[in-house]
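Colleague: My structure file structure10.cif, mmCIF, C-alpha atoms, is below:
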data_target
#
loop_
_atom_site.label_atom_id
_atom_site.label_comp_id
_atom_site.auth_asym_id
_atom_site.auth_seq_id
_atom_site.Cartn_x
_atom_site.Cartn_y
_atom_site.Cartn_z
CA GLY A 29 -2.64 -7.32 22.04
CA ALA A 30 -3.86 -10.02 24.38
CA VAL A 31 -1.17 -12.41 25.55
CA VAL A 32 -1.57 -15.73 27.31
CA SER A 33 1.42 -17.28 28.99
CA GLN A 34 1.53 -21.02 29.61
CA HIS A 35 4.13 -22.65 31.80
CA PRO A 36 5.99 -24.94 31.63
CA SER A 37 6.45 -25.40 27.89
CA TRP A 38 7.51 -28.99 28.42
CA VAL A 39 7.74 -31.36 31.37
CA ILE A 40 8.84 -34.94 31.93
CA CYS A 41 7.57 -36.72 35.01
CA LYS A 42 7.50 -40.19 36.48
CA SER A 43 4.37 -42.32 36.57
CA GLY A 44 2.32 -41.70 39.67
CA THR A 45 3.44 -38.14 40.22
CA SER A 46 1.35 -35.00 39.71
CA VAL A 47 2.10 -32.15 37.35
CA LYS A 48 0.72 -28.61 37.44
CA ILE A 49 0.40 -26.46 34.33
CA GLU A 50 -0.25 -22.73 34.61
CA CYS A 51 -2.12 -20.49 32.22
CA ARG A 52 -1.92 -16.74 32.74
CA SER A 53 -3.53 -13.85 30.90
CA LEU A 54 -0.84 -11.18 30.99
CA ASP A 55 -2.59 -7.99 29.94
CA PHE A 56 -6.29 -8.67 30.32
CA GLN A 57 -8.70 -10.25 32.75
CA ALA A 58 -9.97 -13.58 31.52
CA THR A 59 -13.43 -14.48 32.73
CA THR A 60 -13.24 -17.77 30.89
CA MET A 61 -10.36 -20.14 30.32
CA PHE A 62 -10.39 -23.34 28.33
CA TRP A 63 -8.13 -26.35 28.57
CA TYR A 64 -7.47 -28.50 25.54
CA ARG A 65 -5.62 -31.69 24.85
CA GLN A 66 -4.06 -32.38 21.50
CA PHE A 67 -2.92 -35.79 20.33
CA PRO A 68 -0.28 -36.05 17.60
CA LYS A 69 -1.53 -34.91 14.19
CA GLN A 70 -5.02 -34.27 15.55
CA SER A 71 -7.15 -31.28 16.35
CA LEU A 72 -7.68 -29.87 19.79
CA MET A 73 -10.04 -31.65 22.14
CA LEU A 74 -11.76 -29.47 24.71
CA MET A 75 -11.27 -30.90 28.19
CA ALA A 76 -12.92 -28.30 30.39
CA THR A 77 -14.13 -24.75 30.69
CA SER A 78 -13.38 -22.74 33.76
CA ASN A 79 -14.93 -19.48 34.87
CA GLU A 80 -13.23 -17.41 37.54
CA GLY A 81 -14.44 -18.23 41.00
CA SER A 82 -16.56 -21.22 40.05
CA LYS A 83 -16.05 -24.91 39.44
CA ALA A 84 -14.83 -26.02 36.06
CA THR A 85 -17.20 -27.66 33.61
CA TYR A 86 -15.72 -30.84 32.22
CA GLU A 87 -16.47 -32.37 28.86
CA GLN A 88 -17.90 -35.84 28.69
CA GLY A 89 -15.27 -38.51 29.20
CA VAL A 90 -12.79 -36.25 30.99
CA GLU A 91 -12.04 -37.40 34.54
CA LYS A 92 -12.44 -34.41 36.83
CA ASP A 93 -10.55 -36.12 39.64
CA LYS A 94 -7.60 -36.75 37.39
CA PHE A 95 -7.49 -33.35 35.70
CA LEU A 96 -7.96 -30.79 38.44
CA ILE A 97 -8.67 -27.27 37.24
CA ASN A 98 -8.51 -24.18 39.38
CA HIS A 99 -9.38 -20.66 38.20
CA ALA A 100 -8.75 -18.70 41.35
CA SER A 101 -8.25 -15.31 39.76
CA LEU A 102 -9.08 -13.45 36.56
CA THR A 103 -5.53 -13.92 35.32
CA LEU A 104 -4.62 -17.46 36.36
CA SER A 105 -5.95 -20.93 35.75
CA THR A 106 -4.10 -24.14 36.58
CA LEU A 107 -4.47 -27.69 35.32
CA THR A 108 -3.07 -30.41 37.57
CA VAL A 109 -2.65 -33.88 36.12
CA THR A 110 -2.82 -36.14 39.16
CA SER A 111 -1.18 -39.56 39.40
CA ALA A 112 0.04 -39.23 35.85
CA HIS A 113 0.39 -42.27 33.62
CA PRO A 114 2.08 -42.67 30.23
CA GLU A 115 -1.29 -42.45 28.48
CA ASP A 116 -1.61 -38.90 29.85
CA SER A 117 1.36 -37.88 27.74
CA SER A 118 0.09 -35.25 25.35
CA PHE A 119 0.19 -31.61 24.33
CA TYR A 120 -1.99 -29.45 26.57
CA ILE A 121 -3.07 -25.97 25.49
CA CYS A 122 -5.04 -23.34 27.33
CA SER A 123 -6.94 -20.38 25.97
CA ALA A 124 -8.37 -17.35 27.70
CA GLY A 125 -11.07 -14.89 26.82
CA THR A 126 -13.72 -12.54 28.07
CA ALA A 127 -17.48 -12.78 27.84
CA LEU A 128 -17.63 -10.21 25.07
CA SER A 129 -14.45 -10.97 23.16
CA TYR A 130 -14.78 -12.31 19.67
CA GLY A 131 -11.63 -14.34 19.75
CA TYR A 132 -9.77 -16.39 22.22
CA THR A 133 -6.07 -16.17 22.82
CA PHE A 134 -4.09 -19.36 23.17
CA GLY A 135 -1.12 -20.20 25.31
CA SER A 136 1.99 -21.70 23.76
CA GLY A 137 1.17 -25.19 24.99
CA THR A 138 2.78 -27.70 27.33
CA ARG A 139 4.28 -30.96 26.15
CA LEU A 140 3.80 -33.51 28.94
CA THR A 141 5.73 -36.77 28.82
CA VAL A 142 5.10 -39.36 31.52
CA VAL A 143 7.75 -42.05 31.82
CA ALA B 28 -25.66 -26.58 16.89
CA GLN B 29 -22.42 -25.61 15.26
CA SER B 30 -19.88 -27.56 13.27
CA VAL B 31 -16.90 -26.86 11.07
CA THR B 32 -15.39 -28.99 8.32
CA GLN B 33 -11.95 -28.58 6.85
CA LEU B 34 -12.16 -30.28 3.51
CA ASP B 35 -8.49 -31.14 3.09
CA SER B 36 -6.31 -32.82 5.70
CA HIS B 37 -3.15 -32.02 3.73
CA VAL B 38 -2.36 -29.41 1.09
CA SER B 39 0.97 -29.17 -0.69
CA VAL B 40 1.94 -26.21 -2.87
CA SER B 41 5.12 -24.88 -4.41
CA GLU B 42 6.78 -21.83 -2.97
CA GLY B 43 5.49 -18.69 -4.66
CA THR B 44 2.18 -20.23 -5.75
CA PRO B 45 -1.25 -19.47 -4.28
CA VAL B 46 -2.59 -21.20 -1.19
CA LEU B 47 -6.22 -22.25 -0.68
CA LEU B 48 -7.33 -23.95 2.52
CA ARG B 49 -11.01 -24.79 2.54
CA CYS B 50 -13.44 -24.53 5.44
CA ASN B 51 -17.20 -25.00 5.60
CA TYR B 52 -19.31 -24.37 8.65
CA SER B 53 -22.82 -24.85 9.91
CA SER B 54 -24.45 -22.70 12.54
CA SER B 55 -27.96 -21.95 13.67
CA TYR B 56 -27.09 -18.28 14.11
CA SER B 57 -24.55 -15.80 12.82
CA PRO B 58 -21.21 -17.18 13.87
CA SER B 59 -17.80 -15.71 14.36
CA LEU B 60 -15.16 -17.52 12.33
CA PHE B 61 -11.43 -17.71 12.81
CA TRP B 62 -8.32 -19.18 11.27
CA TYR B 63 -5.45 -20.18 13.51
CA VAL B 64 -1.98 -21.45 12.61
CA GLN B 65 0.05 -23.88 14.68
CA HIS B 66 3.72 -24.59 14.12
CA PRO B 67 5.15 -27.85 15.52
CA ASN B 68 5.06 -28.02 19.32
CA LYS B 69 3.73 -24.48 19.52
CA GLY B 70 0.48 -22.92 20.58
CA LEU B 71 -2.09 -21.46 18.22
CA GLN B 72 -1.66 -18.06 16.64
CA LEU B 73 -4.66 -16.12 15.37
CA LEU B 74 -4.37 -15.37 11.65
CA LEU B 75 -7.67 -13.58 11.16
CA LYS B 76 -11.27 -13.43 12.34
CA TYR B 77 -14.70 -12.65 10.92
CA THR B 78 -17.25 -11.08 13.25
CA SER B 79 -20.12 -9.90 11.02
CA ALA B 80 -18.32 -6.88 9.63
CA ALA B 81 -16.62 -6.94 6.21
CA THR B 82 -16.94 -10.31 4.52
CA LEU B 83 -13.38 -10.18 3.18
CA VAL B 84 -11.05 -10.37 6.11
CA LYS B 85 -7.36 -9.62 5.92
CA GLY B 86 -5.04 -11.22 8.41
CA ILE B 87 -1.39 -11.42 9.23
CA ASN B 88 1.38 -12.71 6.97
CA GLY B 89 -0.56 -11.97 3.80
CA PHE B 90 -3.46 -14.33 4.50
CA GLU B 91 -7.06 -13.43 3.91
CA ALA B 92 -10.41 -15.19 4.03
CA GLU B 93 -13.84 -14.49 2.61
CA PHE B 94 -17.05 -15.21 4.46
CA LYS B 95 -19.68 -16.52 2.04
CA LYS B 96 -22.96 -17.06 3.80
CA SER B 97 -24.68 -18.58 0.77
CA GLU B 98 -21.98 -21.23 0.55
CA THR B 99 -21.40 -21.47 4.32
CA SER B 100 -17.71 -21.21 3.60
CA PHE B 101 -14.73 -19.36 5.04
CA HIS B 102 -11.79 -20.38 2.88
CA LEU B 103 -8.28 -19.15 3.67
CA THR B 104 -6.10 -17.88 0.85
CA LYS B 105 -2.68 -16.39 0.25
CA PRO B 106 -1.44 -15.18 -3.14
CA SER B 107 2.11 -16.49 -2.80
CA ALA B 108 3.25 -19.22 -0.43
CA HIS B 109 6.43 -18.89 1.59
CA MET B 110 8.43 -21.71 3.14
CA SER B 111 7.64 -20.34 6.60
CA ASP B 112 3.92 -20.91 5.95
CA ALA B 113 4.38 -24.65 6.40
CA ALA B 114 2.28 -25.46 9.47
CA GLU B 115 -1.08 -26.80 10.65
CA TYR B 116 -4.09 -24.55 10.09
CA PHE B 117 -7.33 -24.70 12.02
CA CYS B 118 -10.68 -23.20 11.07
CA VAL B 119 -12.75 -22.34 14.12
CA VAL B 120 -16.38 -21.33 14.67
CA SER B 121 -17.73 -19.57 17.73
CA PRO B 122 -21.06 -18.11 18.84
CA SER B 123 -21.38 -14.57 17.53
CA VAL B 124 -22.10 -13.04 20.89
CA GLY B 125 -20.04 -14.41 23.70
CA SER B 126 -21.53 -15.79 26.84
CA SER B 127 -19.85 -16.67 30.06
CA ALA B 128 -19.43 -20.25 28.86
CA SER B 129 -19.20 -19.85 25.11
CA LYS B 130 -17.33 -22.58 23.34
CA ILE B 131 -15.45 -22.63 20.15
CA ILE B 132 -15.49 -25.55 17.71
CA PHE B 133 -12.28 -26.57 15.95
CA GLY B 134 -11.96 -28.05 12.54
CA SER B 135 -9.81 -31.15 12.16
CA GLY B 136 -6.93 -29.13 10.77
CA THR B 137 -5.15 -28.87 7.43
CA ARG B 138 -1.45 -29.48 7.18
CA LEU B 139 0.15 -27.13 4.68
CA SER B 140 3.41 -28.23 3.08
CA ILE B 141 5.49 -25.95 0.87
CA ARG B 142 7.70 -27.42 -1.85
CA PRO B 143 10.88 -25.51 -2.71
#
Any chance you could put this one into structure tokens?
Modeller:
Amino acid sequence: GAVVSQHPSWVICKSGTSVKIECRSLDFQATTMFWYRQFPKQSLMLMATSNEGSKATYEQGVEKDKFLINHASLTLSTLTVTSAHPEDSSFYICSAGTALSYGYTFGSGTRLTVV
Amino acid sequence: AQSVTQLDSHVSVSEGTPVLLRCNYSSSYSPSLFWYVQHPNKGLQLLLKYTSAATLVKGINGFEAEFKKSETSFHLTKPSAHMSDAAEYFCVVSPSVGSSASKIIFGSGTRLSIRP
């Protein structure tokens, strides 16, 4: 079945540095990838939608200059948290799908801790 | 517009007893509905999905859900709970026919606890 790999699974970084998270579809071509943020004991909050080869569409309230999303190929999307601050600490999850798929496959998530 | 409501934030059952996690949805067209499970610090795993075929959907690990259009419900059930079922469960609704920018809507989640 469809597999989405997300890397790294956890990362600790210092305030002010940037962190890149990768999301790869391993055995299918993902025309659409989604990035979510999940706060403790809460549901997933959609941050942005990215389609291969075009700019990401950000949800209201999400800073596009802080959360840079690149979807350069049909199998890879990256989320870069720029100039990270402790309030950016969270669990980030990606999902990938195709235009005609009836389900989306999720990555295993990345726990980001900014100290 | 679409929305999904998980009626219980926390459900606790004894091992070996039935599980019922409730989900109601609203949609202006025929939706696709999903249940996902999330274990602590893990991603989401698809349990089952409804896509306008059979209304009773069987998933992995003994879970099943029934789509009831008249009640706009998609409740998740399992006849006998196992300790390993303890996790967070999300009900999700999606447009029936995908588009290049289709979005899925998550419920708020139900935490399932299993008592020994």
Colleague: Report as a list in words the residues that result from applying the PyMOL selection byres ((chain A and resi 35) around 12) to the structure here.
Modeller: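 Evaluating the PyMOL selection byres ((chain A and resi 35) around 12) on these coordinates yields Val32, Ser33, Gln34, Pro36, Ser37, Trp38, Val39, Val47, Lys48, Ile49, Glu50, Cys51, Arg52, Ser53, Leu104, Ser105, Thr106, Leu107, Tyr120, Ile121, Cys122, Gly135, Ser136, Gly137, Thr138, Arg139 and Leu140 of chain A; Gly70 of chain B.
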Colleague: Extract, using only C-alpha atoms, all DNA, RNA and protein residues at most 9 Å from stretch 77-79 of chain B, discarding same-chain residues fewer than 4 positions from it, and format them as a list of chain:residue names.
Modeller: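 My list of contacting residues is A:Tyr130, B:Ser57, B:Pro58, B:Ser59, B:Leu60, B:Phe61, B:Leu83, B:Val84, B:Ala92, B:Glu93, B:Phe94, B:Phe101, B:Ser123.
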Colleague: Using all atoms listed in the file, which residues sit within 9 Å of A:Thr45 once same-chain residues fewer than 6 positions away are excluded, as a PyMOL selection string?
Modeller: chain A and resi 109-113+142
Colleague: Would you list which chain A residues are within 9 Å of chain B using all atoms listed in the file, as a VMD selection string?
Modeller: chain A and resid 37 59 to 60 62 69 to 74 77 to 79 119 121 to 122 126 to 139
Colleague: Would you give the centre and edge lengths, in Å to one decimal, of a box along x, y and z around the listed atoms of stretch 104-107 of chain B, with 6 Å added to each side, as AutoDock Vina command-line options?
Modeller:
--center_x -2.0 --center_y -16.5 --center_z -1.1 --size_x 20.2 --size_y 14.7 --size_z 16.0
Colleague: Using all atoms listed in the file, can you tell me which of B:Ala80, B:Pro45, B:Cys50, B:Ala28 comes closest to B:Asp112?
Modeller: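 Comparing B:Ala80, B:Pro45, B:Cys50, B:Ala28 against B:Asp112, the winner is B:Pro45.
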Colleague: Using only C-alpha atoms, which of the listed residues (B:Leu47, B:Leu74, B:Val40, B:Val31) sits closest to B:His109?
Modeller: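 Nearest candidate to B:His109 out of B:Leu47, B:Leu74, B:Val40, B:Val31: B:Val40.
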Colleague: Kindly output stretch 52-79 of chain B as a PDB file, keeping the file's coordinate frame, after building N, CA and C atoms.
Modeller:
ATOM      1  N   TYR B  52     -18.778 -24.387   7.288  1.00  0.00           N
ATOM      2  CA  TYR B  52     -19.310 -24.370   8.650  1.00  0.00           C
ATOM      3  C   TYR B  52     -20.823 -24.560   8.603  1.00  0.00           C
ATOM      4  N   SER B  53     -21.377 -24.902   9.743  1.00  0.00           N
ATOM      5  CA  SER B  53     -22.820 -24.850   9.910  1.00  0.00           C
ATOM      6  C   SER B  53     -23.097 -24.238  11.272  1.00  0.00           C
ATOM      7  N   SER B  54     -24.115 -23.380  11.303  1.00  0.00           N
ATOM      8  CA  SER B  54     -24.450 -22.700  12.540  1.00  0.00           C
ATOM      9  C   SER B  54     -25.906 -22.264  12.490  1.00  0.00           C
ATOM     10  N   SER B  55     -26.557 -22.348  13.615  1.00  0.00           N
ATOM     11  CA  SER B  55     -27.960 -21.950  13.670  1.00  0.00           C
ATOM     12  C   SER B  55     -28.122 -20.447  13.856  1.00  0.00           C
ATOM     13  N   TYR B  56     -27.029 -19.735  13.997  1.00  0.00           N
ATOM     14  CA  TYR B  56     -27.090 -18.280  14.110  1.00  0.00           C
ATOM     15  C   TYR B  56     -25.825 -17.716  13.493  1.00  0.00           C
ATOM     16  N   SER B  57     -25.709 -16.417  13.463  1.00  0.00           N
ATOM     17  CA  SER B  57     -24.550 -15.800  12.820  1.00  0.00           C
ATOM     18  C   SER B  57     -23.298 -16.065  13.644  1.00  0.00           C
ATOM     19  N   PRO B  58     -22.390 -16.812  13.091  1.00  0.00           N
ATOM     20  CA  PRO B  58     -21.210 -17.180  13.870  1.00  0.00           C
ATOM     21  C   PRO B  58     -20.074 -16.178  13.718  1.00  0.00           C
ATOM     22  N   SER B  59     -19.117 -16.306  14.576  1.00  0.00           N
ATOM     23  CA  SER B  59     -17.800 -15.710  14.360  1.00  0.00           C
ATOM     24  C   SER B  59     -16.889 -16.827  13.859  1.00  0.00           C
ATOM     25  N   LEU B  60     -16.030 -16.507  12.937  1.00  0.00           N
ATOM     26  CA  LEU B  60     -15.160 -17.520  12.330  1.00  0.00           C
ATOM     27  C   LEU B  60     -13.713 -17.069  12.406  1.00  0.00           C
ATOM     28  N   PHE B  61     -12.844 -18.010  12.615  1.00  0.00           N
ATOM     29  CA  PHE B  61     -11.430 -17.710  12.810  1.00  0.00           C
ATOM     30  C   PHE B  61     -10.572 -18.712  12.042  1.00  0.00           C
ATOM     31  N   TRP B  62      -9.379 -18.272  11.729  1.00  0.00           N
ATOM     32  CA  TRP B  62      -8.320 -19.180  11.270  1.00  0.00           C
ATOM     33  C   TRP B  62      -7.134 -19.008  12.211  1.00  0.00           C
ATOM     34  N   TYR B  63      -6.636 -20.159  12.675  1.00  0.00           N
ATOM     35  CA  TYR B  63      -5.450 -20.180  13.510  1.00  0.00           C
ATOM     36  C   TYR B  63      -4.363 -21.005  12.815  1.00  0.00           C
ATOM     37  N   VAL B  64      -3.108 -20.669  13.114  1.00  0.00           N
ATOM     38  CA  VAL B  64      -1.980 -21.450  12.610  1.00  0.00           C
ATOM     39  C   VAL B  64      -1.209 -22.013  13.790  1.00  0.00           C
ATOM     40  N   GLN B  65      -0.737 -23.241  13.621  1.00  0.00           N
ATOM     41  CA  GLN B  65       0.050 -23.880  14.680  1.00  0.00           C
ATOM     42  C   GLN B  65       1.311 -24.472  14.063  1.00  0.00           C
ATOM     43  N   HIS B  66       2.450 -23.988  14.521  1.00  0.00           N
ATOM     44  CA  HIS B  66       3.720 -24.590  14.120  1.00  0.00           C
ATOM     45  C   HIS B  66       4.038 -25.721  15.088  1.00  0.00           C
ATOM     46  N   PRO B  67       4.890 -26.662  14.692  1.00  0.00           N
ATOM     47  CA  PRO B  67       5.150 -27.850  15.520  1.00  0.00           C
ATOM     48  C   PRO B  67       5.503 -27.506  16.968  1.00  0.00           C
ATOM     49  N   ASN B  68       4.829 -28.181  17.879  1.00  0.00           N
ATOM     50  CA  ASN B  68       5.060 -28.020  19.320  1.00  0.00           C
ATOM     51  C   ASN B  68       4.881 -26.577  19.790  1.00  0.00           C
ATOM     52  N   LYS B  69       4.035 -25.858  19.120  1.00  0.00           N
ATOM     53  CA  LYS B  69       3.730 -24.480  19.520  1.00  0.00           C
ATOM     54  C   LYS B  69       2.242 -24.330  19.761  1.00  0.00           C
ATOM     55  N   GLY B  70       1.889 -23.225  20.397  1.00  0.00           N
ATOM     56  CA  GLY B  70       0.480 -22.920  20.580  1.00  0.00           C
ATOM     57  C   GLY B  70      -0.143 -22.422  19.295  1.00  0.00           C
ATOM     58  N   LEU B  71      -1.363 -21.936  19.389  1.00  0.00           N
ATOM     59  CA  LEU B  71      -2.090 -21.460  18.220  1.00  0.00           C
ATOM     60  C   LEU B  71      -1.981 -19.944  18.114  1.00  0.00           C
ATOM     61  N   GLN B  72      -1.743 -19.485  16.901  1.00  0.00           N
ATOM     62  CA  GLN B  72      -1.660 -18.060  16.640  1.00  0.00           C
ATOM     63  C   GLN B  72      -2.827 -17.656  15.755  1.00  0.00           C
ATOM     64  N   LEU B  73      -3.522 -16.589  16.145  1.00  0.00           N
ATOM     65  CA  LEU B  73      -4.660 -16.120  15.370  1.00  0.00           C
ATOM     66  C   LEU B  73      -4.180 -15.469  14.080  1.00  0.00           C
ATOM     67  N   LEU B  74      -4.683 -15.969  12.948  1.00  0.00           N
ATOM     68  CA  LEU B  74      -4.370 -15.370  11.650  1.00  0.00           C
ATOM     69  C   LEU B  74      -5.354 -14.260  11.306  1.00  0.00           C
ATOM     70  N   LEU B  75      -6.635 -14.556  11.482  1.00  0.00           N
ATOM     71  CA  LEU B  75      -7.670 -13.580  11.160  1.00  0.00           C
ATOM     72  C   LEU B  75      -8.999 -14.041  11.758  1.00  0.00           C
ATOM     73  N   LYS B  76      -9.956 -13.093  11.800  1.00  0.00           N
ATOM     74  CA  LYS B  76     -11.270 -13.430  12.340  1.00  0.00           C
ATOM     75  C   LYS B  76     -12.356 -12.664  11.609  1.00  0.00           C
ATOM     76  N   TYR B  77     -13.501 -13.281  11.493  1.00  0.00           N
ATOM     77  CA  TYR B  77     -14.700 -12.650  10.920  1.00  0.00           C
ATOM     78  C   TYR B  77     -15.732 -12.521  12.031  1.00  0.00           C
ATOM     79  N   THR B  78     -16.251 -11.298  12.189  1.00  0.00           N
ATOM     80  CA  THR B  78     -17.250 -11.080  13.250  1.00  0.00           C
ATOM     81  C   THR B  78     -18.385 -10.211  12.752  1.00  0.00           C
ATOM     82  N   SER B  79     -18.938 -10.543  11.609  1.00  0.00           N
ATOM     83  CA  SER B  79     -20.120  -9.900  11.020  1.00  0.00           C
ATOM     84  C   SER B  79     -19.857  -8.494  10.501  1.00  0.00           C
TER      85      SER B  79
END
